[in-house]
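Just my_file29.cif here, mmCIF, C-alpha atoms:
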```
data_query
#
loop_
_atom_site.label_atom_id
_atom_site.label_comp_id
_atom_site.auth_asym_id
_atom_site.auth_seq_id
_atom_site.Cartn_x
_atom_site.Cartn_y
_atom_site.Cartn_z
CA MET A 535 -132.66 23.04 166.53
CA ASP A 536 -131.02 20.22 168.48
CA ILE A 537 -127.42 20.44 169.69
CA ILE A 538 -125.66 17.12 170.30
CA GLU A 539 -122.18 16.17 171.43
CA ILE A 540 -120.29 14.34 168.67
CA VAL A 541 -116.98 12.53 169.07
CA THR A 542 -114.24 14.76 167.67
CA ASP A 543 -112.58 11.88 165.79
CA LEU A 544 -115.80 11.26 163.79
CA ILE A 545 -115.77 14.78 162.30
CA ASP A 546 -113.96 15.68 159.08
CA GLU A 547 -113.09 19.12 157.77
CA ASP A 548 -114.57 20.27 154.46
CA THR A 549 -111.62 20.91 152.19
CA ASP A 550 -113.91 22.65 149.66
CA GLN A 551 -115.28 25.21 152.08
CA PRO A 552 -114.77 28.94 151.25
CA ARG A 553 -112.50 29.73 154.19
CA TYR A 554 -109.04 28.18 154.23
CA GLN A 555 -106.78 30.88 155.73
CA PHE A 556 -106.43 30.69 159.51
CA ASP A 557 -104.33 33.13 161.48
CA GLU A 558 -102.20 31.22 163.96
CA GLU A 559 -102.27 33.96 166.60
CA ALA A 560 -106.07 34.22 166.42
CA LEU A 561 -106.33 30.42 166.66
CA GLN A 562 -104.19 30.39 169.82
CA GLU A 563 -106.40 33.10 171.31
CA LEU A 564 -109.52 31.03 170.55
CA MET A 565 -107.92 27.99 172.22
CA ARG A 566 -107.32 29.98 175.40
CA SER A 567 -110.93 31.20 175.37
CA ILE A 568 -112.32 27.65 174.95
CA GLU A 569 -110.04 26.36 177.70
CA GLU A 570 -111.22 29.02 180.13
CA ILE A 571 -114.96 29.27 179.45
CA GLY A 572 -115.73 26.45 177.03
CA LEU A 573 -117.09 26.47 173.47
CA LEU A 574 -119.92 29.01 173.42
CA SER A 575 -121.19 28.34 169.88
CA PRO A 576 -121.67 24.86 168.41
CA ILE A 577 -120.33 23.96 164.98
CA LYS A 578 -122.60 22.78 162.18
CA VAL A 579 -122.10 19.45 160.44
CA ARG A 580 -123.87 17.12 158.00
CA THR A 581 -123.89 13.36 157.90
CA THR A 582 -121.73 11.42 155.43
CA SER A 583 -121.17 7.74 154.76
CA ASN A 584 -119.97 5.29 157.39
CA GLY A 585 -121.50 7.24 160.26
CA ARG A 586 -119.15 10.16 159.93
CA TYR A 587 -119.78 13.91 159.78
CA LYS A 588 -118.43 16.77 157.66
CA ILE A 589 -118.21 20.35 158.86
CA ILE A 590 -120.47 22.94 157.20
CA TYR A 591 -119.10 25.80 159.29
CA GLY A 592 -117.04 26.12 162.46
CA ASN A 593 -113.63 24.93 161.23
CA ARG A 594 -111.68 27.24 163.59
CA ARG A 595 -113.65 26.09 166.63
CA TYR A 596 -113.14 22.47 165.54
CA LYS A 597 -109.37 22.99 165.11
CA ALA A 598 -109.00 24.74 168.47
CA SER A 599 -111.03 22.05 170.29
CA LYS A 600 -109.06 19.24 168.69
CA MET A 601 -105.74 20.88 169.59
CA LEU A 602 -106.98 21.09 173.20
CA GLY A 603 -107.75 17.35 173.12
CA ARG A 604 -111.49 17.76 173.61
CA PRO A 605 -113.13 14.31 173.15
CA THR A 606 -116.44 15.70 171.93
CA ILE A 607 -117.74 18.88 170.33
CA PRO A 608 -121.27 20.37 170.52
CA CYS A 609 -122.77 20.23 167.00
CA ILE A 610 -125.88 21.09 165.02
CA VAL A 611 -126.59 18.34 162.51
CA SER A 612 -128.03 19.60 159.22
CA THR A 613 -130.29 17.56 157.00
CA VAL A 614 -129.58 19.68 153.92
CA THR A 615 -128.04 17.73 151.04
CA ASP A 616 -128.08 20.28 148.20
CA GLU A 617 -124.50 21.34 147.48
CA MET A 618 -125.53 24.84 146.44
CA GLU A 619 -127.46 25.45 149.65
CA ILE A 620 -124.61 24.10 151.78
CA TYR A 621 -122.00 26.28 150.04
CA LEU A 622 -124.20 29.39 150.30
CA GLU A 623 -124.67 28.70 154.01
CA GLN A 624 -120.91 28.40 154.46
CA ILE A 625 -120.34 31.75 152.74
CA ALA A 626 -123.12 33.47 154.67
CA GLU A 627 -121.70 32.22 157.99
CA ASN A 628 -118.15 33.30 157.15
CA LEU A 629 -119.29 36.75 156.06
CA THR A 630 -120.33 37.38 159.66
CA ARG A 631 -116.95 36.28 161.04
CA GLU A 632 -113.67 38.14 161.35
CA GLY A 633 -110.76 36.94 159.28
CA PHE A 634 -112.71 35.97 156.15
CA SER A 635 -110.34 37.58 153.66
CA PRO A 636 -111.42 39.48 150.51
CA ILE A 637 -109.61 36.88 148.37
CA GLU A 638 -111.48 34.01 150.06
CA GLU A 639 -114.73 35.87 149.36
CA ALA A 640 -113.72 36.49 145.76
CA GLU A 641 -112.84 32.84 145.17
CA ALA A 642 -116.08 31.68 146.77
CA PHE A 643 -118.19 34.02 144.59
CA ASN A 644 -116.22 33.03 141.50
CA LYS A 645 -116.80 29.36 142.25
CA LEU A 646 -120.55 29.86 142.51
CA LEU A 647 -120.59 31.89 139.30
CA ASN A 648 -118.36 29.69 137.14
CA ASP A 649 -118.12 26.18 138.58
CA SER A 650 -120.20 23.79 136.47
CA LYS A 651 -121.59 22.36 139.71
CA PHE A 652 -123.27 25.70 140.54
CA LYS A 653 -123.38 28.11 137.55
CA SER A 654 -125.37 30.78 139.39
CA SER A 655 -125.74 34.49 138.52
CA THR A 656 -124.64 37.63 140.29
CA LYS A 657 -128.27 38.62 140.76
CA PHE A 658 -129.07 35.24 142.35
CA LEU A 659 -126.11 35.48 144.76
CA SER A 660 -127.05 39.04 145.65
CA GLY A 661 -130.54 37.92 146.66
CA LYS A 662 -129.34 34.88 148.59
CA LEU A 663 -126.48 36.57 150.48
CA GLY A 664 -127.99 40.03 150.94
CA LYS A 665 -125.06 41.74 149.22
CA PRO A 666 -125.29 44.28 146.36
CA GLU A 667 -124.32 42.96 142.93
CA SER A 668 -121.55 45.59 142.79
CA TYR A 669 -120.10 44.14 146.01
CA ILE A 670 -119.86 40.69 144.45
CA LYS A 671 -118.46 41.98 141.14
CA ASN A 672 -115.78 44.08 142.88
CA LYS A 673 -114.67 41.13 144.96
CA CYS A 674 -114.27 39.02 141.80
CA GLU A 675 -112.14 41.78 140.22
CA LEU A 676 -109.46 41.02 142.83
CA LEU A 677 -108.83 37.69 141.11
CA LYS A 678 -107.30 39.57 138.15
CA PHE A 679 -104.15 40.13 140.20
CA GLY A 680 -101.26 37.68 140.52
CA ASN A 681 -100.46 35.55 143.56
CA ALA A 682 -97.80 37.96 144.87
CA VAL A 683 -100.46 40.68 145.09
CA LYS A 684 -103.23 38.41 146.38
CA LYS A 685 -101.10 37.43 149.39
CA LEU A 686 -101.01 41.07 150.50
CA ILE A 687 -104.76 41.71 150.33
CA VAL A 688 -106.43 42.31 153.69
CA GLY A 689 -109.90 43.33 154.81
CA GLY A 690 -110.84 46.82 155.96
CA THR A 691 -109.74 50.21 154.74
CA GLU A 692 -106.66 50.91 156.86
CA ILE A 693 -103.55 51.62 154.76
CA ARG A 694 -100.64 49.53 156.03
CA LYS A 695 -97.13 48.92 154.79
CA ASP A 696 -96.79 45.84 152.59
CA LYS A 697 -100.55 45.25 152.72
CA LEU A 698 -103.27 46.09 150.22
CA THR A 699 -106.91 46.96 150.69
CA GLU A 700 -109.62 46.35 148.14
CA ASP A 701 -110.02 50.12 147.66
CA GLN A 702 -106.33 50.45 146.78
CA LEU A 703 -106.54 47.71 144.16
CA LEU A 704 -109.78 48.44 142.33
CA PRO A 705 -108.48 51.57 140.47
CA LEU A 706 -105.78 49.34 138.90
CA LYS A 707 -108.01 46.42 137.88
CA ASP A 708 -108.44 47.42 134.21
CA LEU A 709 -104.74 47.97 133.48
CA PRO A 710 -102.70 45.37 131.56
CA ILE A 711 -101.19 42.73 133.86
CA GLU A 712 -97.65 43.97 133.14
CA HIS A 713 -98.56 47.30 134.75
CA ARG A 714 -101.32 46.20 137.14
CA ASP A 715 -99.29 43.99 139.48
CA PRO A 716 -96.12 46.12 139.68
CA LEU A 717 -98.19 49.21 140.51
CA ALA A 718 -100.09 47.26 143.17
CA LEU A 719 -96.79 46.22 144.77
CA ILE A 720 -95.57 49.84 144.67
CA ALA A 721 -98.81 50.92 146.40
CA ALA A 722 -98.23 48.31 149.13
CA ARG A 723 -94.56 49.18 149.61
CA ASP A 724 -95.09 52.94 149.73
CA GLU A 725 -98.43 52.88 151.60
CA LEU A 726 -100.14 54.91 148.89
CA PRO A 727 -103.57 56.34 149.74
CA VAL A 728 -106.47 55.45 147.47
CA SER A 729 -106.52 58.98 145.98
CA ASP A 730 -102.90 58.60 144.82
CA VAL A 731 -103.55 55.15 143.35
CA LYS A 732 -106.42 56.63 141.31
CA LYS A 733 -104.11 59.34 139.91
CA ILE A 734 -101.46 56.78 138.98
CA ALA A 735 -104.08 54.57 137.33
CA LYS A 736 -105.25 57.56 135.29
CA LEU A 737 -101.66 58.20 134.21
CA PHE A 738 -101.23 54.61 133.00
CA LYS A 739 -104.59 54.66 131.17
CA ASP A 740 -103.55 57.73 129.16
CA LYS A 741 -103.19 56.60 125.54
CA THR A 742 -100.94 59.54 124.65
CA ILE A 743 -98.17 57.95 126.74
CA SER A 744 -96.34 55.09 125.01
CA ASP A 745 -96.09 51.64 126.58
CA SER A 746 -92.30 51.90 126.64
CA THR A 747 -92.53 55.10 128.68
CA LYS A 748 -95.00 53.44 131.05
CA ASP A 749 -92.60 50.52 131.48
CA LYS A 750 -89.87 52.96 132.55
CA LEU A 751 -92.23 54.67 135.00
CA LEU A 752 -92.52 51.39 136.93
CA PHE A 753 -89.01 52.00 138.29
CA LYS A 754 -90.20 55.13 140.09
CA SER A 755 -91.40 55.30 143.68
CA GLY A 756 -95.00 56.12 144.54
CA ALA A 757 -94.03 59.74 145.19
CA GLY A 758 -92.19 59.85 141.85
CA LEU A 759 -95.25 58.57 140.01
CA ILE A 760 -97.45 61.21 141.63
CA GLU A 761 -94.95 63.89 140.60
CA THR A 762 -95.03 62.57 137.02
CA TRP A 763 -98.85 62.58 137.08
CA SER A 764 -98.88 66.19 138.30
CA THR A 765 -96.45 67.33 135.58
CA HIS A 766 -98.40 65.47 132.90
CA GLU A 767 -101.68 67.07 134.01
CA GLN A 768 -100.13 70.55 133.97
CA ASN A 769 -98.81 69.98 130.45
CA LYS A 770 -102.24 68.81 129.30
CA ALA A 771 -103.84 71.90 130.81
CA GLU A 772 -101.37 74.17 129.02
CA ARG A 773 -102.00 72.48 125.69
CA ALA A 774 -105.74 72.76 126.20
CA LYS A 775 -105.63 76.55 126.65
CA PRO A 776 -107.12 78.41 123.65
CA ALA A 777 -104.68 80.28 121.42
CA PRO A 778 -104.65 84.09 121.83
CA VAL A 779 -107.29 85.71 119.63
CA THR A 780 -105.71 87.85 116.91
CA GLU A 781 -107.43 90.28 114.59
CA PRO A 782 -107.33 89.33 110.92
CA LYS A 783 -104.87 91.36 108.91
CA ALA A 784 -107.61 93.09 106.99
CA ALA A 785 -109.37 94.04 110.20
CA ALA A 786 -106.12 95.22 111.78
CA SER A 787 -105.41 97.32 108.71
CA LYS A 788 -108.87 98.84 108.93
CA VAL A 789 -108.34 99.74 112.57
CA GLU A 790 -104.96 101.27 111.82
CA LYS A 791 -106.47 103.34 109.01
CA GLN A 792 -109.22 104.52 111.33
CA ILE A 793 -106.71 105.61 113.98
CA LYS A 794 -104.59 107.44 111.41
CA GLN A 795 -107.68 109.15 110.04
CA GLU A 796 -108.73 110.27 113.54
CA GLN A 797 -105.24 111.62 114.15
CA ALA A 798 -105.29 113.44 110.81
CA ASP A 799 -108.69 114.95 111.59
CA SER A 800 -107.48 116.22 114.95
CA GLU A 801 -104.41 117.93 113.51
CA PRO A 802 -104.63 121.50 112.19
CA ALA A 803 -104.68 121.98 108.46
CA PRO A 804 -101.23 122.66 106.97
CA LYS A 805 -100.35 126.26 106.16
CA THR A 806 -99.88 127.25 102.52
CA ASN A 807 -96.18 127.96 102.95
CA GLN A 808 -95.53 124.44 104.33
CA PRO A 809 -94.12 121.81 101.93
CA SER A 810 -96.77 119.68 100.26
CA ALA A 811 -97.05 115.91 100.50
CA SER A 812 -95.51 115.70 97.03
CA ALA A 813 -92.42 117.55 98.24
CA ALA A 814 -92.08 115.12 101.11
CA SER A 815 -92.37 112.23 98.66
CA ILE A 816 -89.66 113.48 96.30
CA GLU A 817 -87.33 114.14 99.22
CA LEU A 818 -87.93 110.60 100.49
CA ALA A 819 -87.19 109.14 97.07
CA LEU A 820 -83.93 111.09 96.86
CA HIS A 821 -82.91 109.92 100.31
CA GLU A 822 -83.65 106.26 99.54
CA LEU A 823 -81.73 106.26 96.26
CA THR A 824 -78.73 108.06 97.76
CA ALA A 825 -78.61 105.59 100.63
CA ALA A 826 -78.81 102.64 98.25
CA LEU A 827 -75.97 103.79 95.98
CA PRO A 828 -72.46 103.02 97.24
CA SER A 829 -69.78 105.68 97.20
CA HIS A 830 -68.06 106.04 93.86
CA LEU A 831 -65.36 103.48 93.41
CA THR A 832 -62.67 104.14 90.83
CA LEU A 833 -62.05 101.02 88.78
CA SER A 834 -58.28 100.54 88.89
CA SER A 835 -56.27 98.97 86.05
CA ASP A 836 -55.99 95.76 88.11
CA ILE A 837 -59.75 95.51 88.40
CA LEU A 838 -60.20 96.23 84.69
CA GLN A 839 -57.61 93.61 83.74
CA SER A 840 -59.46 90.99 85.86
CA ILE A 841 -62.01 90.87 83.02
CA GLU A 842 -59.60 88.54 81.29
CA ALA A 843 -60.02 86.03 84.08
CA ILE A 844 -63.74 85.63 83.35
CA ARG A 845 -64.33 82.31 81.63
CA ALA A 846 -65.75 82.31 78.13
CA SER A 847 -68.92 80.61 79.37
CA GLY A 848 -69.56 83.49 81.78
CA GLN A 849 -68.65 86.44 79.56
CA VAL A 850 -72.10 86.72 77.99
CA ASP A 851 -73.78 86.89 81.42
CA PHE A 852 -71.23 89.43 82.60
CA ILE A 853 -71.79 91.71 79.59
CA GLN A 854 -75.58 91.45 80.01
CA GLY A 855 -75.19 92.39 83.67
CA VAL A 856 -73.12 95.46 82.80
CA SER A 857 -75.68 96.47 80.17
CA ALA A 858 -78.56 96.16 82.66
CA LEU A 859 -76.66 98.26 85.20
CA ILE A 860 -75.93 100.99 82.65
CA ASP A 861 -79.56 100.98 81.52
CA GLN A 862 -80.81 101.42 85.10
CA LEU A 863 -78.26 104.14 85.84
CA GLU A 864 -79.18 106.02 82.68
CA LYS A 865 -82.88 105.93 83.61
CA HIS A 866 -82.11 107.23 87.12
CA LEU A 867 -79.85 109.89 85.59
CA ALA A 868 -82.49 111.09 83.12
CA GLU A 869 -85.16 111.32 85.86
CA TRP A 870 -83.00 113.16 88.35
CA LYS A 871 -81.71 115.56 85.69
CA ALA A 872 -85.35 116.47 85.06
CA VAL A 873 -85.87 116.94 88.82
CA GLN A 874 -82.77 119.13 88.95
CA GLU A 875 -84.05 121.33 86.10
CA LEU A 876 -87.50 121.74 87.70
CA ALA A 877 -86.02 122.58 91.10
CA SER A 878 -83.58 125.09 89.55
CA ALA A 879 -86.36 126.77 87.54
CA LYS A 880 -88.54 127.14 90.67
CA LEU A 881 -85.64 128.56 92.63
CA GLN A 882 -85.00 131.19 89.94
CA ALA A 883 -88.72 132.11 89.90
CA VAL A 884 -88.73 132.66 93.67
CA ALA A 885 -85.52 134.75 93.48
CA THR A 886 -86.98 136.92 90.69
CA ALA A 887 -90.21 137.46 92.66
CA ASP A 888 -88.28 138.62 95.71
#
```
As a first step, turn the structure in this file into structure tokens.
Amino acid sequence: MDIIEIVTDLIDEDTDQPRYQFDEEALQELMRSIEEIGLLSPIKVRTTSNGRYKIIYGNRRYKASKMLGRPTIPCIVSTVTDEMEIYLEQIAENLTREGFSPIEEAEAFNKLLNDSKFKSSTKFLSGKLGKPESYIKNKCELLKFGNAVKKLIVGGTEIRKDKLTEDQLLPLKDLPIEHRDPLALIAARDELPVSDVKKIAKLFKDKTISDSTKDKLLFKSGAGLIETWSTHEQNKAERAKPAPVTEPKAAASKVEKQIKQEQADSEPAPKTNQPSASAASIELALHELTAALPSHLTLSSDILQSIEAIRASGQVDFIQGVSALIDQLEKHLAEWKAVQELASAKLQAVATAD
């Protein structure tokens, strides 16, 4: 592999290369390093028309050298002409360098997968770049987010204010765009850990919550959303608890009868001089009827004369009501007169015996 010095002015940048974001502070640091100890690694270029060269990789080193006014740059000249191979080499090189952002990766993978010039597969890229298919797919999921979110995405896993990691974003990727981006911005603003983002995503995926309610939740802070998630989960747990098991009425009645029977069996047999169950029943009936009947109310002349106020249409019903009352009272009277006679006869028999 030959390294040659090429005039800086004969080299052009590749505007289609995967990496296009360059941190100014890092570039200044690279300039100081080149000025002190020189360019340690050559850049790689390919030949183009009119004796010029285009960069395959090494754009930052080229920029720093040009800013320092270096007349020439050490280069490796590639003979590869296949666009696919060149682009894959550019990605592979950048994957080993710091500062290659997740969004730049995602856009590069997406280009290889969908650009008509390449039209490759995830499996093919995985084999060529040595990355799992899931790694490539997850990177492409970042492209679902809007530009305001994409600008905040950084590499690594450190949670920082107003920045977003890939792990923070992936739980939100399947939400509708109207919820996905606002929640991502809340996560960045409030420095939400990945575990909290997952809980919030679960809340917004719950189909029992209406879209209008979800829209209102977007006005909450990260802490407020976690509190809402916690309350919602508690309510779900309460609703999921099985209802208390109750005995069927028939079974309950059977148990009650069994208890009463056991109590009856444990009690001593009643003595002959104690009142029978029938006596208790007749006494209960007397008590109930007495309690139901109001005290006797004398019908005054005013009350009697109020009959005249009853409309003709209601007189028939009134008379039928009076007749029914008299009929019931006469039946009660006949029964209780019979009771009175029986009780009196028994009392006389006891008195005679004594």
Test item: residues at most 12 Å from Leu647 (chain A), all atoms listed in the file, excluding those fewer than 6 positions along its chain, as JSON, numbers by chain: {"A": [618, 622, 640, 641, 653, 654, 655, 656, 657, 658, 659, 660, 670, 671, 674]}
Take the residues just selected and output them with C-alpha atoms as an mmCIF file, keeping the file's coordinate frame.
```cif
data_model
loop_
_atom_site.group_PDB
_atom_site.id
_atom_site.type_symbol
_atom_site.label_atom_id
_atom_site.label_comp_id
_atom_site.auth_asym_id
_atom_site.auth_seq_id
_atom_site.Cartn_x
_atom_site.Cartn_y
_atom_site.Cartn_z
ATOM 1 C CA MET A 618 -125.530 24.840 146.440
ATOM 2 C CA LEU A 622 -124.200 29.390 150.300
ATOM 3 C CA ALA A 640 -113.720 36.490 145.760
ATOM 4 C CA GLU A 641 -112.840 32.840 145.170
ATOM 5 C CA LYS A 653 -123.380 28.110 137.550
ATOM 6 C CA SER A 654 -125.370 30.780 139.390
ATOM 7 C CA SER A 655 -125.740 34.490 138.520
ATOM 8 C CA THR A 656 -124.640 37.630 140.290
ATOM 9 C CA LYS A 657 -128.270 38.620 140.760
ATOM 10 C CA PHE A 658 -129.070 35.240 142.350
ATOM 11 C CA LEU A 659 -126.110 35.480 144.760
ATOM 12 C CA SER A 660 -127.050 39.040 145.650
ATOM 13 C CA ILE A 670 -119.860 40.690 144.450
ATOM 14 C CA LYS A 671 -118.460 41.980 141.140
ATOM 15 C CA CYS A 674 -114.270 39.020 141.800
#
```
Within-8 Å shell of (-115.1, 15.9, 169.1) in input frame, only C-alpha atoms, as a VMD selection string: chain A and resid 539 to 545 596 599 to 600 604 to 608
Who sits within 12 Å of region 736-740 of chain A, all atoms listed in the file, same chain under 4 positions skipped, as a count of residues only: 35
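Computed from the coordinates, the CA of Tyr591 (chain A) to CA of Glu617 (chain A) distance equals 13.7 Å.
Interatomic distance, CA of Asn628 (chain A) to CA of Lys645 (chain A): 15.5 Å.
Counting from CA of Lys684 (chain A), the distance to CA of Leu698 (chain A) is 8.6 Å.
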Nearest residue to Glu692 (chain A) from the set A:Leu726, A:Ile620, A:Ala560, A:Leu859 (distances using only C-alpha atoms): A:Leu726
Near-Lys673 (chain A) list (12 Å; only C-alpha atoms; drop same-chain fewer than 4 positions) as a PyMOL selection string: chain A and resi 635-644+656+665-669+677-679+684+687+689+699-701+703-704+707
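Nearest to Leu863 (chain A) of all the residues A:Asp715, A:Gly633, A:Ser575, A:Leu823 is A:Leu823, based on all atoms listed in the file.
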Once the PyMOL selection byres ((chain A and resi 551) around 9) is applied to the coordinates I shared, what remains selected? I want it as a PDB file with C-alpha atoms, keeping the file's coordinate frame.
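File result32.pdb, as written:
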```pdb
ATOM      1  CA  GLU A 547    -113.090  19.120 157.770  1.00  0.00           C
ATOM      2  CA  ASP A 548    -114.570  20.270 154.460  1.00  0.00           C
ATOM      3  CA  THR A 549    -111.620  20.910 152.190  1.00  0.00           C
ATOM      4  CA  ASP A 550    -113.910  22.650 149.660  1.00  0.00           C
ATOM      5  CA  PRO A 552    -114.770  28.940 151.250  1.00  0.00           C
ATOM      6  CA  ARG A 553    -112.500  29.730 154.190  1.00  0.00           C
ATOM      7  CA  TYR A 554    -109.040  28.180 154.230  1.00  0.00           C
ATOM      8  CA  ILE A 589    -118.210  20.350 158.860  1.00  0.00           C
ATOM      9  CA  ILE A 590    -120.470  22.940 157.200  1.00  0.00           C
ATOM     10  CA  TYR A 591    -119.100  25.800 159.290  1.00  0.00           C
ATOM     11  CA  TYR A 621    -122.000  26.280 150.040  1.00  0.00           C
ATOM     12  CA  GLN A 624    -120.910  28.400 154.460  1.00  0.00           C
ATOM     13  CA  ILE A 625    -120.340  31.750 152.740  1.00  0.00           C
ATOM     14  CA  ALA A 642    -116.080  31.680 146.770  1.00  0.00           C
TER      15      ALA A 642
END
```
On this file, the PyMOL selection byres ((chain A and resi 583-586) around 8) gives some set of residues; write that set as a short mmCIF file (atom, residue, chain, number, x, y, z; two decimals) with C-alpha atoms, in the frame of the given file.
```cif
data_model
loop_
_atom_site.label_atom_id
_atom_site.label_comp_id
_atom_site.auth_asym_id
_atom_site.auth_seq_id
_atom_site.Cartn_x
_atom_site.Cartn_y
_atom_site.Cartn_z
CA LEU A 544 -115.80 11.26 163.79
CA ILE A 545 -115.77 14.78 162.30
CA ASP A 546 -113.96 15.68 159.08
CA THR A 581 -123.89 13.36 157.90
CA THR A 582 -121.73 11.42 155.43
CA TYR A 587 -119.78 13.91 159.78
CA LYS A 588 -118.43 16.77 157.66
#
```
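Nearest residue to Gly592 (chain A), choosing from A:Glu619, A:Glu627, A:Glu569, A:Glu563 and counting only C-alpha atoms: A:Glu627.
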